[in-house]
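To start, the structure under review is shown below, and the notes come after it.
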Amino acid sequence: MSTISSDRPALVLAPHLLYPTRNGADIYVDRMAREISRKVSYVVVVGASHTLRYESGKEVSRTIMAISKRSKWVAAARTVLFKSHYFKEKFITPTYSTAAVAQYKSDDYGMVLFSYIVSAVLIKKLSISPTSKAIVLTHNDEFKWFKDVKLKSKNPLGKMVARASTAWLTSYFSKRNDDVKFVHVSDSDLAGYAQWLNDSNSVVIPLGTDIPDSPVPPRAPNSRPCSVLFVGSLGIGMNGDALEHFANKYYPILKAEIDPIVRIAGSNPSSRIQTLCQQHGWEFHPNISDEALRVLFEKSDAAILPFEYSTGSKLKLLASISHGVPFLATNEVDPPVNFVFPPSLVSNEPQQWLSALTEINRNGISEDQRDQLYLTAKGHSWGHSADQLFQIFQD
């Protein structure tokens, strides 16, 4: 079995990746590529819109590509028509495949990372050398993801897409005979693939996060109106579902008792999100800079993670605690035990959310509490995630 060589470059194939990075999947892949470049000669990232080169943790070149993604409606129709996988039909276009093959053949890559399981279909086209390590970043449990989509979707086409994608996954895993290693970001994701993978070809490497220079300042007791913050890619259905769940289950009691300021921040907002904000009088902060987001964290008493189902909340939680801001999460978020300590809360009970926010308002958030949250996140930097990848695959 090949191991990772620090003397050879690495190639990252991420057909979903757009710059600037806004959603969790794009951030994950880009940051991992940046940190891996500190350990190999260089890293080339072939995304949906750009080809980047990282050396020693710094971007040294960027080439614009024609965006090759298909629209969601075309991808959905092709998924059903060809009994395929939605991500495959959306991202793995002939244009992208040609670019990936050309890039792989341009150098002697010691490692190739494929972002999402569907990207592994490119392995045969690349004719990967036995001396190269092929690694798939799964991102989440796709079996659970499509089960949730089928359950929650009100659109018949959405349900058909979920069924077809699940069938494609089952077929892929039952027929695969390649020497690919799969990297999951949580134990629960790993468990979702247990029927198909084992310890020899499947590992968990937790997500990282960007670590600010310091946590936000302490919050004095009774010093301002109570406020909460939701941060995420606002064009993604899961985040829209989460905010509707918050509006229907948690917000009514919070508004009646403490009337918190609710701030919604993120990229590419859908009309659905904008309507929710207008209906409830929530502050709306679309497509803001990292600096502006930092200010919102400073103003907020807690980040909210109101997911009724969850396969993409991990980065949101880490972003919150990296700023020293506690979180209120539903049980579906299922954070690591060492992340959960007061004033953060994991509960599906609106009354407990109210009690947690009331306590924060009454007692404030001390410097020690900020530091505890911040230091917890600091052990989960992107550099740490890259270190784990190298330790595992060089053993």
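Identifiers in the structure tokens: chain A, B, ... in order shown; residue index from 1 per chain; ligand index from 1 in order shown.
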### Task
Just the residues within 9 Å of Leu52 in chain A, please, counting only C-alpha atoms, with nothing from its chain fewer than 6 positions along; format it as a list in words.
Val43, Val44, Val45, Val46, Glu59, Val60, Ser61, Arg62, Thr63 and Ile64 of chain A
#### Entry: Arg219 in chain A environment, 8 Å, only C-alpha atoms, sequence neighbours closer than 3 positions dropped, as number ranges by chain
A: 223, 301, 364-366
### Query
What does the distance between CA of Pro206 in chain A and CA of Leu317 in chain A come to in Å, to one decimal place?
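It comes out at 12.6 Å.
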### Å distance separating CA of Leu137 in chain A from CA of Pro336 in chain A, one decimal place
20.2 Å
### Task
Write out as a list in words the residues lying within 8 Å of His323 in chain A, counting only C-alpha atoms and excluding same-chain residues fewer than 5 positions away.
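What passes the distance filter is Ile211, Pro212, Ser214, Pro215, Val216, Arg294, Phe297, Arg370, Leu373 and Tyr374 of chain A.
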### Task
Enumerate, as a ChimeraX atom specification, the complete set of residues in range 228-379 of chain A that a backbone-based DSSP assignment places in helix (DSSP H, G or I).
/A:237-257,271-280,290-299,314-322,331-333,337-339,350-363,367-378
Could those selected residues go to a file with C-alpha atoms, as a tab-separated table (two decimals), in the first residue's frame?
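The result, stored in selection06.tsv:
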chain	number	residue	atom	x	y	z
A	237	GLY	CA	-32.35	23.66	1.72
A	238	MET	CA	-31.14	22.16	5.00
A	239	ASN	CA	-30.41	25.61	6.42
A	240	GLY	CA	-33.79	26.89	5.27
A	241	ASP	CA	-35.45	23.90	6.95
A	242	ALA	CA	-33.50	24.63	10.16
A	243	LEU	CA	-34.62	28.25	10.25
A	244	GLU	CA	-38.24	27.30	9.60
A	245	HIS	CA	-37.95	24.80	12.44
A	246	PHE	CA	-36.56	27.55	14.69
A	247	ALA	CA	-39.37	29.91	13.65
A	248	ASN	CA	-42.08	27.35	14.37
A	249	LYS	CA	-40.77	25.63	17.51
A	250	TYR	CA	-38.29	27.82	19.38
A	251	TYR	CA	-38.84	31.43	18.38
A	252	PRO	CA	-42.45	31.82	19.65
A	253	ILE	CA	-41.55	31.21	23.31
A	254	LEU	CA	-38.32	33.18	23.03
A	255	LYS	CA	-40.13	36.15	21.50
A	256	ALA	CA	-42.92	36.03	24.07
A	257	GLU	CA	-40.55	35.93	27.05
A	271	SER	CA	-35.99	34.01	-1.39
A	272	ARG	CA	-37.29	31.57	1.23
A	273	ILE	CA	-34.73	32.83	3.78
A	274	GLN	CA	-35.37	36.46	2.92
A	275	THR	CA	-39.11	35.95	3.39
A	276	LEU	CA	-38.57	34.31	6.79
A	277	CYS	CA	-36.48	37.26	7.94
A	278	GLN	CA	-39.08	39.75	6.74
A	279	GLN	CA	-41.95	37.86	8.36
A	280	HIS	CA	-40.32	37.70	11.78
A	290	ASP	CA	-15.19	37.74	7.68
A	291	GLU	CA	-14.58	41.02	9.48
A	292	ALA	CA	-18.28	41.88	9.52
A	293	LEU	CA	-19.11	38.35	10.72
A	294	ARG	CA	-16.69	38.79	13.61
A	295	VAL	CA	-18.64	41.88	14.67
A	296	LEU	CA	-21.88	39.87	14.65
A	297	PHE	CA	-20.30	37.21	16.85
A	298	GLU	CA	-19.26	39.96	19.29
A	299	LYS	CA	-22.86	41.18	19.44
A	314	LYS	CA	-20.28	20.62	12.26
A	315	LEU	CA	-18.50	23.68	10.85
A	316	LYS	CA	-21.16	26.03	12.21
A	317	LEU	CA	-20.59	24.73	15.72
A	318	LEU	CA	-16.81	25.03	15.44
A	319	ALA	CA	-17.07	28.56	14.03
A	320	SER	CA	-19.14	29.60	17.02
A	321	ILE	CA	-16.86	28.29	19.74
A	322	SER	CA	-13.72	29.49	17.91
A	331	ASN	CA	-30.08	16.87	19.70
A	332	GLU	CA	-29.71	16.12	15.99
A	333	VAL	CA	-26.50	18.16	15.86
A	337	VAL	CA	-19.25	15.59	24.49
A	338	ASN	CA	-16.23	17.78	25.28
A	339	PHE	CA	-17.79	20.64	23.28
A	350	PRO	CA	-37.80	25.28	23.70
A	351	GLN	CA	-38.15	25.95	27.43
A	352	GLN	CA	-34.52	24.93	27.93
A	353	TRP	CA	-33.40	27.25	25.14
A	354	LEU	CA	-35.27	30.04	26.90
A	355	SER	CA	-33.67	29.19	30.25
A	356	ALA	CA	-30.17	29.12	28.71
A	357	LEU	CA	-30.59	32.53	27.06
A	358	THR	CA	-32.16	34.01	30.18
A	359	GLU	CA	-29.17	32.83	32.21
A	360	ILE	CA	-26.69	34.27	29.72
A	361	ASN	CA	-28.49	37.61	29.88
A	362	ARG	CA	-28.54	37.56	33.68
A	363	ASN	CA	-24.98	36.34	34.28
A	367	GLU	CA	-13.57	35.91	30.05
A	368	ASP	CA	-12.92	32.43	31.45
A	369	GLN	CA	-15.99	31.05	29.67
A	370	ARG	CA	-14.89	32.67	26.40
A	371	ASP	CA	-11.41	31.21	26.82
A	372	GLN	CA	-12.74	27.72	27.53
A	373	LEU	CA	-14.77	27.74	24.32
A	374	TYR	CA	-11.91	29.23	22.33
A	375	LEU	CA	-9.35	26.73	23.60
A	376	THR	CA	-11.70	23.85	22.79
A	377	ALA	CA	-11.87	25.06	19.19
A	378	LYS	CA	-8.13	25.65	19.07
### Query
Smallest atom-to-atom distance to Gly208 in chain A: which of A:Gly110, A:Gly232, A:Pro260, A:Gly379, using only C-alpha atoms?
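When distances to Gly208 in chain A are compared using only C-alpha atoms, the smallest one comes from A:Gly379.
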### Task
Determine, counting only C-alpha atoms, which protein, DNA and RNA residues have an atom within 9 Å of an atom of Thr330 in chain A; residues of the same chain fewer than 4 positions away are not included. Present the result as a ChimeraX atom specification.
/A:304-309,334,345-349
### Query
Quick one: of A:Thr170, A:Ser313, A:Ser97, A:Gln388, who's nearest to Glu35 in chain A, counting only C-alpha atoms?
A:Gln388
### Task
Would you mind listing what lies within 8 Å of Gly192 in chain A as a PyMOL selection string, with only C-alpha atoms counted and same-chain residues fewer than 2 positions away left out?
chain A and resi 141+143-144+188-190+194-195
### Message
So the first atom is CA of His16 in chain A and the second is CA of Gly47 in chain A; what is the distance between them in Å, to one decimal place?
### Response
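Computed distance, CA of His16 in chain A to CA of Gly47 in chain A, equals 6.4 Å.
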### Message
Could you check the closest approach to Gln394 in chain A for each of A:Trp168, A:Lys133, A:Ala10, A:Leu81 and tell me which residue wins, using only C-alpha atoms?
### Response
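Nearest to Gln394 in chain A: A:Lys133.
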